[in-house]
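Heads up, protein.tsv below (TSV, C-alpha atoms and all ligand atoms):
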```tsv
chain	number	residue	atom	x	y	z
K	1	MET	CA	-12.53	25.93	-0.85
K	2	TYR	CA	-9.85	23.27	-1.15
K	3	SER	CA	-6.97	23.60	-3.56
K	4	LEU	CA	-4.79	20.53	-2.91
K	5	THR	CA	-5.09	17.06	-4.42
K	6	ILE	CA	-4.66	13.59	-2.87
K	7	ALA	CA	-3.64	10.61	-5.03
K	8	LEU	CA	-5.38	7.38	-4.05
K	9	ALA	CA	-4.26	3.86	-4.95
K	10	LYS	CA	-6.98	1.92	-6.71
K	11	GLY	CA	-7.66	-1.74	-6.02
K	12	ARG	CA	-7.33	-3.59	-2.73
K	13	ILE	CA	-7.09	-0.59	-0.38
K	14	LEU	CA	-9.63	1.77	-1.95
K	15	ALA	CA	-12.70	0.55	0.01
K	16	ASP	CA	-10.91	1.17	3.32
K	17	VAL	CA	-9.74	4.57	2.08
K	18	GLU	CA	-13.33	5.48	1.17
K	19	ALA	CA	-14.51	4.70	4.73
K	20	LEU	CA	-11.72	6.83	6.23
K	21	TRP	CA	-12.40	9.63	3.77
K	22	ARG	CA	-16.12	9.71	4.57
K	23	GLN	CA	-15.39	9.65	8.29
K	24	SER	CA	-13.27	12.76	7.86
K	25	GLY	CA	-16.44	14.52	6.63
K	26	TRP	CA	-15.40	14.81	2.98
K	27	PRO	CA	-17.93	13.66	0.38
K	28	TRP	CA	-16.60	10.68	-1.61
K	29	PRO	CA	-16.20	11.70	-5.27
K	30	ASN	CA	-18.46	9.53	-7.36
K	31	GLY	CA	-18.18	9.10	-11.07
K	32	GLU	CA	-18.45	6.07	-13.29
K	33	ARG	CA	-14.87	5.17	-14.17
K	34	GLN	CA	-13.78	8.77	-13.58
K	35	LEU	CA	-10.27	8.90	-12.14
K	36	TRP	CA	-9.70	12.61	-11.63
K	37	PHE	CA	-11.79	14.99	-9.54
K	38	PRO	CA	-10.67	18.61	-9.13
K	39	PRO	CA	-10.65	20.16	-5.64
K	40	SER	CA	-14.03	21.55	-4.60
K	41	GLU	CA	-15.72	23.52	-1.87
K	42	GLU	CA	-16.18	20.43	0.32
K	43	ARG	CA	-13.19	18.21	-0.35
K	44	PRO	CA	-9.63	18.04	-1.70
K	45	GLY	CA	-9.04	17.00	-5.31
K	46	VAL	CA	-8.66	13.29	-5.99
K	47	VAL	CA	-6.58	11.34	-8.50
K	48	VAL	CA	-7.06	7.58	-8.58
K	49	ALA	CA	-4.06	5.70	-9.98
K	50	ARG	CA	-2.31	2.33	-9.73
K	51	GLY	CA	-0.52	1.85	-6.43
K	52	PRO	CA	3.04	1.79	-7.85
K	53	ASP	CA	2.39	5.12	-9.62
K	54	ILE	CA	1.31	7.00	-6.47
K	55	PRO	CA	4.84	7.88	-5.19
K	56	LYS	CA	5.69	9.36	-8.62
K	57	LEU	CA	2.57	11.57	-8.64
K	58	VAL	CA	3.40	12.84	-5.16
K	59	GLU	CA	7.14	13.24	-5.86
K	60	ARG	CA	6.32	15.43	-8.86
K	61	GLY	CA	3.74	17.48	-6.98
K	62	ILE	CA	0.82	16.39	-9.19
K	63	ALA	CA	-0.73	15.51	-5.84
K	64	SER	CA	0.40	17.00	-2.53
K	65	PHE	CA	-0.51	13.80	-0.69
K	66	GLY	CA	-0.94	10.16	-1.59
K	67	ILE	CA	-2.44	7.12	0.09
K	68	VAL	CA	-0.66	3.89	-0.73
K	69	GLY	CA	0.33	0.58	0.86
K	70	ARG	CA	3.62	0.13	2.72
K	71	ASP	CA	4.35	-2.66	0.21
K	72	VAL	CA	4.70	-0.07	-2.56
K	73	LEU	CA	6.81	2.26	-0.41
K	74	GLU	CA	9.19	-0.55	0.57
K	75	GLU	CA	9.65	-1.42	-3.10
K	76	GLN	CA	10.29	2.24	-4.06
K	77	ALA	CA	12.46	3.11	-1.09
K	78	ASP	CA	14.35	5.85	-2.98
K	79	ALA	CA	11.24	7.89	-3.92
K	80	ASP	CA	11.57	11.53	-2.82
K	81	ILE	CA	8.46	11.60	-0.65
K	82	LEU	CA	7.72	11.80	3.08
K	83	GLU	CA	5.78	9.08	4.83
K	84	VAL	CA	3.80	11.15	7.32
K	85	LEU	CA	1.08	8.92	8.80
K	86	ASP	CA	0.23	5.25	9.26
K	87	LEU	CA	-3.49	5.21	8.46
K	88	ASP	CA	-3.86	1.77	10.03
K	89	ILE	CA	-6.22	0.53	7.31
K	90	ALA	CA	-5.97	-2.17	4.63
K	91	PRO	CA	-3.77	-4.50	6.70
K	92	CYS	CA	-1.93	-7.25	4.88
K	93	ARG	CA	1.43	-9.04	5.00
K	94	MET	CA	4.28	-9.51	2.59
K	95	VAL	CA	5.19	-13.20	2.71
K	96	LEU	CA	7.58	-15.73	1.28
K	97	ALA	CA	5.56	-18.77	0.13
K	98	SER	CA	6.13	-22.09	-1.59
K	99	LEU	CA	4.48	-25.46	-2.14
K	100	ASP	CA	6.16	-27.09	0.87
K	101	ALA	CA	6.75	-24.27	3.42
K	102	GLN	CA	10.46	-25.13	3.69
K	103	TRP	CA	13.19	-22.48	3.81
K	104	PRO	CA	15.27	-22.84	0.60
K	105	GLU	CA	18.31	-25.08	0.93
K	106	GLY	CA	20.55	-23.63	-1.74
K	107	PRO	CA	20.24	-20.34	-3.64
K	108	ALA	CA	16.55	-19.39	-3.79
K	109	ARG	CA	14.72	-18.67	-7.04
K	110	VAL	CA	11.82	-16.33	-6.19
K	111	ALA	CA	9.11	-14.85	-8.42
K	112	SER	CA	7.80	-11.48	-7.29
K	113	LYS	CA	6.20	-8.17	-8.20
K	114	TYR	CA	8.50	-6.79	-5.50
K	115	PRO	CA	12.08	-7.48	-6.71
K	116	GLU	CA	13.71	-4.88	-4.43
K	117	VAL	CA	11.85	-6.08	-1.33
K	118	THR	CA	12.78	-9.68	-2.18
K	119	ARG	CA	16.48	-8.92	-2.73
K	120	ARG	CA	16.67	-6.89	0.48
K	121	TYR	CA	14.94	-9.61	2.49
K	122	PHE	CA	17.34	-12.33	1.35
K	123	ARG	CA	20.34	-10.03	1.77
K	124	ARG	CA	19.26	-9.43	5.37
K	125	ASN	CA	19.07	-13.17	5.83
K	126	ALA	CA	22.48	-13.63	4.17
K	127	HIS	CA	20.93	-16.06	1.70
K	128	PRO	CA	21.65	-16.02	-2.05
K	129	VAL	CA	18.65	-15.27	-4.28
K	130	GLU	CA	17.71	-15.02	-7.93
K	131	VAL	CA	14.62	-12.87	-8.44
K	132	VAL	CA	12.25	-13.46	-11.36
K	133	GLY	CA	10.33	-10.21	-11.82
K	134	LEU	CA	6.67	-10.71	-12.76
K	135	SER	CA	3.80	-8.24	-12.95
K	136	GLY	CA	1.06	-10.56	-11.68
K	137	SER	CA	-0.28	-14.13	-11.29
K	138	LEU	CA	2.69	-14.99	-9.07
K	139	GLU	CA	0.90	-17.97	-7.56
K	140	LEU	CA	1.37	-19.80	-10.88
K	141	ALA	CA	5.17	-19.65	-10.72
K	142	PRO	CA	5.78	-22.70	-8.46
K	143	HIS	CA	3.31	-24.81	-10.47
K	144	ILE	CA	4.77	-24.14	-13.91
K	145	GLY	CA	8.42	-24.51	-12.88
K	146	LEU	CA	9.24	-20.81	-13.15
K	147	ALA	CA	10.31	-20.43	-9.49
K	148	PRO	CA	9.65	-22.60	-6.42
K	149	TYR	CA	9.16	-19.50	-4.21
K	150	ILE	CA	7.11	-16.32	-4.41
K	151	VAL	CA	7.16	-13.10	-2.39
K	152	ASP	CA	3.70	-11.55	-2.44
K	153	ILE	CA	0.98	-9.78	-0.48
K	154	VAL	CA	-1.39	-11.90	1.61
K	155	GLN	CA	-4.61	-10.36	2.85
K	156	THR	CA	-7.22	-13.07	3.46
K	157	GLY	CA	-4.91	-15.94	2.48
K	158	ARG	CA	-7.43	-17.11	-0.12
K	159	THR	CA	-5.08	-16.80	-3.10
K	160	LEU	CA	-2.37	-18.91	-1.45
K	161	ARG	CA	-4.88	-21.55	-0.32
K	162	GLN	CA	-6.52	-21.76	-3.72
K	163	HIS	CA	-3.15	-22.52	-5.25
K	164	GLY	CA	-1.90	-24.96	-2.64
K	165	LEU	CA	0.84	-22.60	-1.45
K	166	GLN	CA	2.07	-22.28	2.12
K	167	GLU	CA	3.73	-19.45	4.00
K	168	VAL	CA	7.43	-19.91	4.71
K	169	ALA	CA	8.00	-16.57	6.47
K	170	THR	CA	6.55	-13.08	6.93
K	171	VAL	CA	8.68	-10.39	5.33
K	172	PHE	CA	6.77	-7.47	6.92
K	173	HIS	CA	3.30	-6.29	7.94
K	174	SER	CA	1.74	-3.60	5.77
K	175	THR	CA	-0.97	-0.96	6.14
K	176	ALA	CA	-1.92	2.05	4.03
K	177	ARG	CA	0.25	5.14	4.57
K	178	LEU	CA	-0.25	8.85	3.97
K	179	ILE	CA	2.68	10.22	1.99
K	180	ALA	CA	3.44	13.87	1.24
K	181	ASN	CA	5.31	15.92	-1.31
K	182	PRO	CA	8.21	17.45	0.70
K	183	ALA	CA	7.71	21.02	-0.60
K	184	ALA	CA	3.92	20.98	-0.03
K	185	TRP	CA	4.51	19.56	3.45
K	186	ARG	CA	6.96	22.33	4.34
K	187	ARG	CA	4.55	25.02	3.09
K	188	GLY	CA	2.00	23.97	5.74
K	189	GLY	CA	-1.33	25.81	5.48
K	190	GLU	CA	-3.87	23.61	3.73
K	191	SER	CA	-1.58	20.57	3.80
K	192	GLU	CA	-1.41	20.87	7.58
K	193	HIS	CA	-5.21	21.06	7.68
K	194	LEU	CA	-5.56	17.87	5.56
K	195	TYR	CA	-3.03	16.01	7.70
K	196	ASP	CA	-4.72	17.09	10.96
K	197	LYS	CA	-8.10	15.98	9.68
K	198	LEU	CA	-6.89	12.51	8.66
K	199	ARG	CA	-4.86	12.08	11.84
K	200	ALA	CA	-7.92	12.94	13.93
K	201	VAL	CA	-9.92	10.20	12.17
K	202	VAL	CA	-7.12	7.65	12.66
K	203	GLU	CA	-6.93	8.54	16.38
K	204	GLU	CA	-10.69	8.37	16.76
K	205	ARG	CA	-10.76	4.89	15.18
K	206	ALA	CA	-7.90	3.69	17.39
K	207	ASP	CA	-9.80	4.96	20.43
K	208	VAL	CA	-12.97	3.13	19.44
K	209	SER	CA	-11.07	-0.10	18.83
K	210	HIS	CA	-9.23	0.18	22.19
K	211	ARG	CA	-12.60	0.53	23.89
K	212	GLY	CA	-13.65	-2.71	22.19
K	213	GLY	CA	-15.86	-1.14	19.53
K	214	PHE	CA	-15.99	-1.98	15.87
K	215	ARG	CA	-13.72	-0.41	13.32
B	1	LIG	C1	-2.68	-9.29	-4.12
B	1	LIG	C2	-1.69	-10.43	-4.18
B	1	LIG	C3	-2.56	-11.67	-4.25
B	1	LIG	C4	-3.80	-11.23	-3.50
B	1	LIG	C5	-3.77	-11.75	-2.10
B	1	LIG	O1	-2.99	-8.88	-5.40
B	1	LIG	O2	-0.84	-10.32	-5.31
B	1	LIG	O3	-2.87	-12.00	-5.58
B	1	LIG	O4	-3.82	-9.81	-3.45
B	1	LIG	O5	-4.97	-11.49	-1.39
B	1	LIG	P1	-5.70	-12.63	-0.58
B	1	LIG	O6	-4.74	-13.14	0.45
B	1	LIG	O7	-6.87	-11.93	0.05
B	1	LIG	O8	-6.14	-13.71	-1.53
B	1	LIG	P2	-3.90	-7.60	-5.63
B	1	LIG	O9	-5.32	-7.95	-5.36
B	1	LIG	O10	-3.34	-6.46	-4.85
B	1	LIG	O11	-3.83	-7.35	-7.16
B	1	LIG	P3	-2.63	-6.98	-8.13
B	1	LIG	O12	-2.13	-8.30	-8.63
B	1	LIG	O13	-3.32	-6.17	-9.17
B	1	LIG	O14	-1.59	-6.22	-7.37
```

Could you render the structure as C-alpha cells?
Ligand code: PRP
Amino acid sequence: MYSLTIALAKGRILADVEALWRQSGWPWPNGERQLWFPPSEERPGVVVARGPDIPKLVERGIASFGIVGRDVLEEQADADILEVLDLDIAPCRMVLASLDAQWPEGPARVASKYPEVTRRYFRRNAHPVEVVGLSGSLELAPHIGLAPYIVDIVQTGRTLRQHGLQEVATVFHSTARLIANPAAWRRGGESEHLYDKLRAVVEERADVSHRGGFR
C-alpha cells in the first residue's frame, strides 16, 4: 500500500510522464477530467496541476514529489524543494527569438512567461533588458509591436515557424525533473522506494538508447 503522492505537471510533458510511469510498473490513473487520485495498493497518489504550481505543492508537502520541466524550476529558483533526478524526458529548449534573428543592438525589450529566466540571461550577457511579462501567446508580441523579442520554450519549432520567428540564441536545454519535498526526502522509507523505482526506469531507458534501441 502506497501512502505518498506525486504532483504531475499537465500539458506538454504529461504524455512522456505517462510512459515513464507505466514502465515503472504503476498503473496510470484514469479518470475523465479527474485531477486527484489518492494513493492505492498499486501506485502512489497523483495530483495533476499546472506546471508553475508544482513546486508550491511539493514545497508545502501536499505532494512528496513532483515532476516538472526545468523551465519552471529555473523560473522559480528560490522554491524550497530539492531537484533529485533528471528524468531525461520531454526535451525542449528555452530560446530567445525574434523576426530577424539578430542580437539586440540597444536595450532589449523581451516578452516572456519567464521574466526571471529572461532577466538572468541578459544579466549574464551584460546586456540591458526590459521584460514584458505575458501569460501566453508570446509569438504575437513581435507582430503587434509589444516587444521585438520573446523568450519561450521550443519543442518541435512549429510555433516559431508558424509565426515567422527565428531563433537568436539558446538560453538552456530543458527536460522533466523529479523534485522532492526536503522533509519527505530526509525521512526516506517510501520516498526512497519511489525514487529508486523511477531512477531504475531512467537508467534502463538510457541503456536501451545507448545500445541503439528506441526510447
Ligand atoms: C509552449 C511554448 C510554445 C510551444 C512551443 O507552450 O510557449 O507556445 O509550447 O512548442 P513547439 O516548438 O512544439 O511549437 P505550451 O504548449 O507549453 O503551452 P502553455 O502556453 O500553456 O505553456

> Which residue out of K:Asp16, K:Asp53, K:Asp88, K:Glu139 has the minimum interatomic distance to ligand LIG 1 (chain B) when all atoms listed in the file are used?
Replying inline: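 Of K:Asp16, K:Asp53, K:Asp88, K:Glu139, the one nearest ligand LIG 1 (chain B) is K:Glu139, counting all atoms listed in the file.
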
> What do you get as a list of chain:residue names if you pick all residues at most 8 Å from ligand LIG 1 (chain B), counting all atoms listed in the file?
Replying inline: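 Listed by chain and ascending number, the contacts are K:Gly11, K:Arg12, K:Cys92, K:Lys113, K:Ser135, K:Gly136, K:Ser137, K:Leu138, K:Glu139, K:Asp152, K:Ile153, K:Val154, K:Gln155, K:Thr156, K:Gly157, K:Arg158, K:Thr159, K:Leu160.
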
> Quick one: of K:Ser24, K:Asn181, K:Gln162, K:Ser209, who's nearest to K:Val84, counting all atoms listed in the file?
Replying inline: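 Closest to K:Val84, using all atoms listed in the file: K:Asn181.
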
> So, counting only C-alpha atoms, which residue among K:Arg119, K:Arg33, K:Arg186, K:Arg177 is closest to K:Gly69?
Replying inline: K:Arg177

Give, as AutoDock Vina command-line options, the centre coordinates and the x, y and z edge lengths in Å to one decimal for an axis-aligned box around all listed atoms of stretch 69-75 of chain K, padded by 8 Å on each side.
```
--center_x 5.0 --center_y -0.2 --center_z -0.2 --size_x 25.3 --size_y 20.9 --size_z 21.8
```

> Using only C-alpha atoms, which residues sit within 12 Å of stretch 95-103 of chain K once same-chain residues fewer than 6 positions away are excluded, as a PyMOL selection string?
Replying inline: chain K and resi 71+109-112+114+117-119+121-122+125+127+138-145+147-155+157+159-174

Selection from above, C-alpha atoms, as a tab-separated table (two decimals), keeping the file's coordinate frame, can you write it?
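Result saved to out_29.tsv:
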```tsv
chain	number	residue	atom	x	y	z
K	71	ASP	CA	4.35	-2.66	0.21
K	109	ARG	CA	14.72	-18.67	-7.04
K	110	VAL	CA	11.82	-16.33	-6.19
K	111	ALA	CA	9.11	-14.85	-8.42
K	112	SER	CA	7.80	-11.48	-7.29
K	114	TYR	CA	8.50	-6.79	-5.50
K	117	VAL	CA	11.85	-6.08	-1.33
K	118	THR	CA	12.78	-9.68	-2.18
K	119	ARG	CA	16.48	-8.92	-2.73
K	121	TYR	CA	14.94	-9.61	2.49
K	122	PHE	CA	17.34	-12.33	1.35
K	125	ASN	CA	19.07	-13.17	5.83
K	127	HIS	CA	20.93	-16.06	1.70
K	138	LEU	CA	2.69	-14.99	-9.07
K	139	GLU	CA	0.90	-17.97	-7.56
K	140	LEU	CA	1.37	-19.80	-10.88
K	141	ALA	CA	5.17	-19.65	-10.72
K	142	PRO	CA	5.78	-22.70	-8.46
K	143	HIS	CA	3.31	-24.81	-10.47
K	144	ILE	CA	4.77	-24.14	-13.91
K	145	GLY	CA	8.42	-24.51	-12.88
K	147	ALA	CA	10.31	-20.43	-9.49
K	148	PRO	CA	9.65	-22.60	-6.42
K	149	TYR	CA	9.16	-19.50	-4.21
K	150	ILE	CA	7.11	-16.32	-4.41
K	151	VAL	CA	7.16	-13.10	-2.39
K	152	ASP	CA	3.70	-11.55	-2.44
K	153	ILE	CA	0.98	-9.78	-0.48
K	154	VAL	CA	-1.39	-11.90	1.61
K	155	GLN	CA	-4.61	-10.36	2.85
K	157	GLY	CA	-4.91	-15.94	2.48
K	159	THR	CA	-5.08	-16.80	-3.10
K	160	LEU	CA	-2.37	-18.91	-1.45
K	161	ARG	CA	-4.88	-21.55	-0.32
K	162	GLN	CA	-6.52	-21.76	-3.72
K	163	HIS	CA	-3.15	-22.52	-5.25
K	164	GLY	CA	-1.90	-24.96	-2.64
K	165	LEU	CA	0.84	-22.60	-1.45
K	166	GLN	CA	2.07	-22.28	2.12
K	167	GLU	CA	3.73	-19.45	4.00
K	168	VAL	CA	7.43	-19.91	4.71
K	169	ALA	CA	8.00	-16.57	6.47
K	170	THR	CA	6.55	-13.08	6.93
K	171	VAL	CA	8.68	-10.39	5.33
K	172	PHE	CA	6.77	-7.47	6.92
K	173	HIS	CA	3.30	-6.29	7.94
K	174	SER	CA	1.74	-3.60	5.77
```

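Residues lying at most 8 Å from (-3.3, 0.1, -6.8) in file coordinates, with only C-alpha atoms considered, are Ala9, Lys10, Gly11, Arg12, Ile13, Ala49, Arg50, Gly51, Pro52 and Val68 of chain K.
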
Same residues, C-alpha atoms, output as a tab-separated table (two decimals), keeping the file's coordinate frame:
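Final file, selection.tsv:
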```
chain	number	residue	atom	x	y	z
K	9	ALA	CA	-4.26	3.86	-4.95
K	10	LYS	CA	-6.98	1.92	-6.71
K	11	GLY	CA	-7.66	-1.74	-6.02
K	12	ARG	CA	-7.33	-3.59	-2.73
K	13	ILE	CA	-7.09	-0.59	-0.38
K	49	ALA	CA	-4.06	5.70	-9.98
K	50	ARG	CA	-2.31	2.33	-9.73
K	51	GLY	CA	-0.52	1.85	-6.43
K	52	PRO	CA	3.04	1.79	-7.85
K	68	VAL	CA	-0.66	3.89	-0.73
```

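Rounded to one decimal, atom CA of K:Gly45 and atom CA of K:Leu198 lie 14.8 Å from each other.
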
>> I want to know what sits within 8 Å of K:Ser40, based on all atoms listed in the file, with residues of the same chain fewer than 6 positions away left out; could you give that as a VMD selection string?
In response: chain K and resid 1 to 3

> When distances are computed from all atoms listed in the file, which of K:Val46, K:Ala90, K:Val131, K:Val17 shows the smallest separation from K:Asn30?
Replying inline: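 Nearest to K:Asn30: K:Val46.
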
>> Rounded to one decimal, what separation in Å do you get between atom CA of K:Val202 and atom CA of K:Pro29?
In response: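 Separating atom CA of K:Val202 from atom CA of K:Pro29 is a distance of 20.5 Å.
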
>> So the first atom is atom CA of K:Val48 and the second is atom CA of K:Gly31; what is the distance between them in Å, to one decimal place?
In response: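 Between atom CA of K:Val48 and atom CA of K:Gly31 the gap is 11.5 Å.
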
> For K:Gly25, which of K:Met94, K:Val201, K:Ile67, K:Val129 is the closest residue, counting all atoms listed in the file?
Replying inline: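 Checking each candidate against K:Gly25, we get K:Val201 as the closest.
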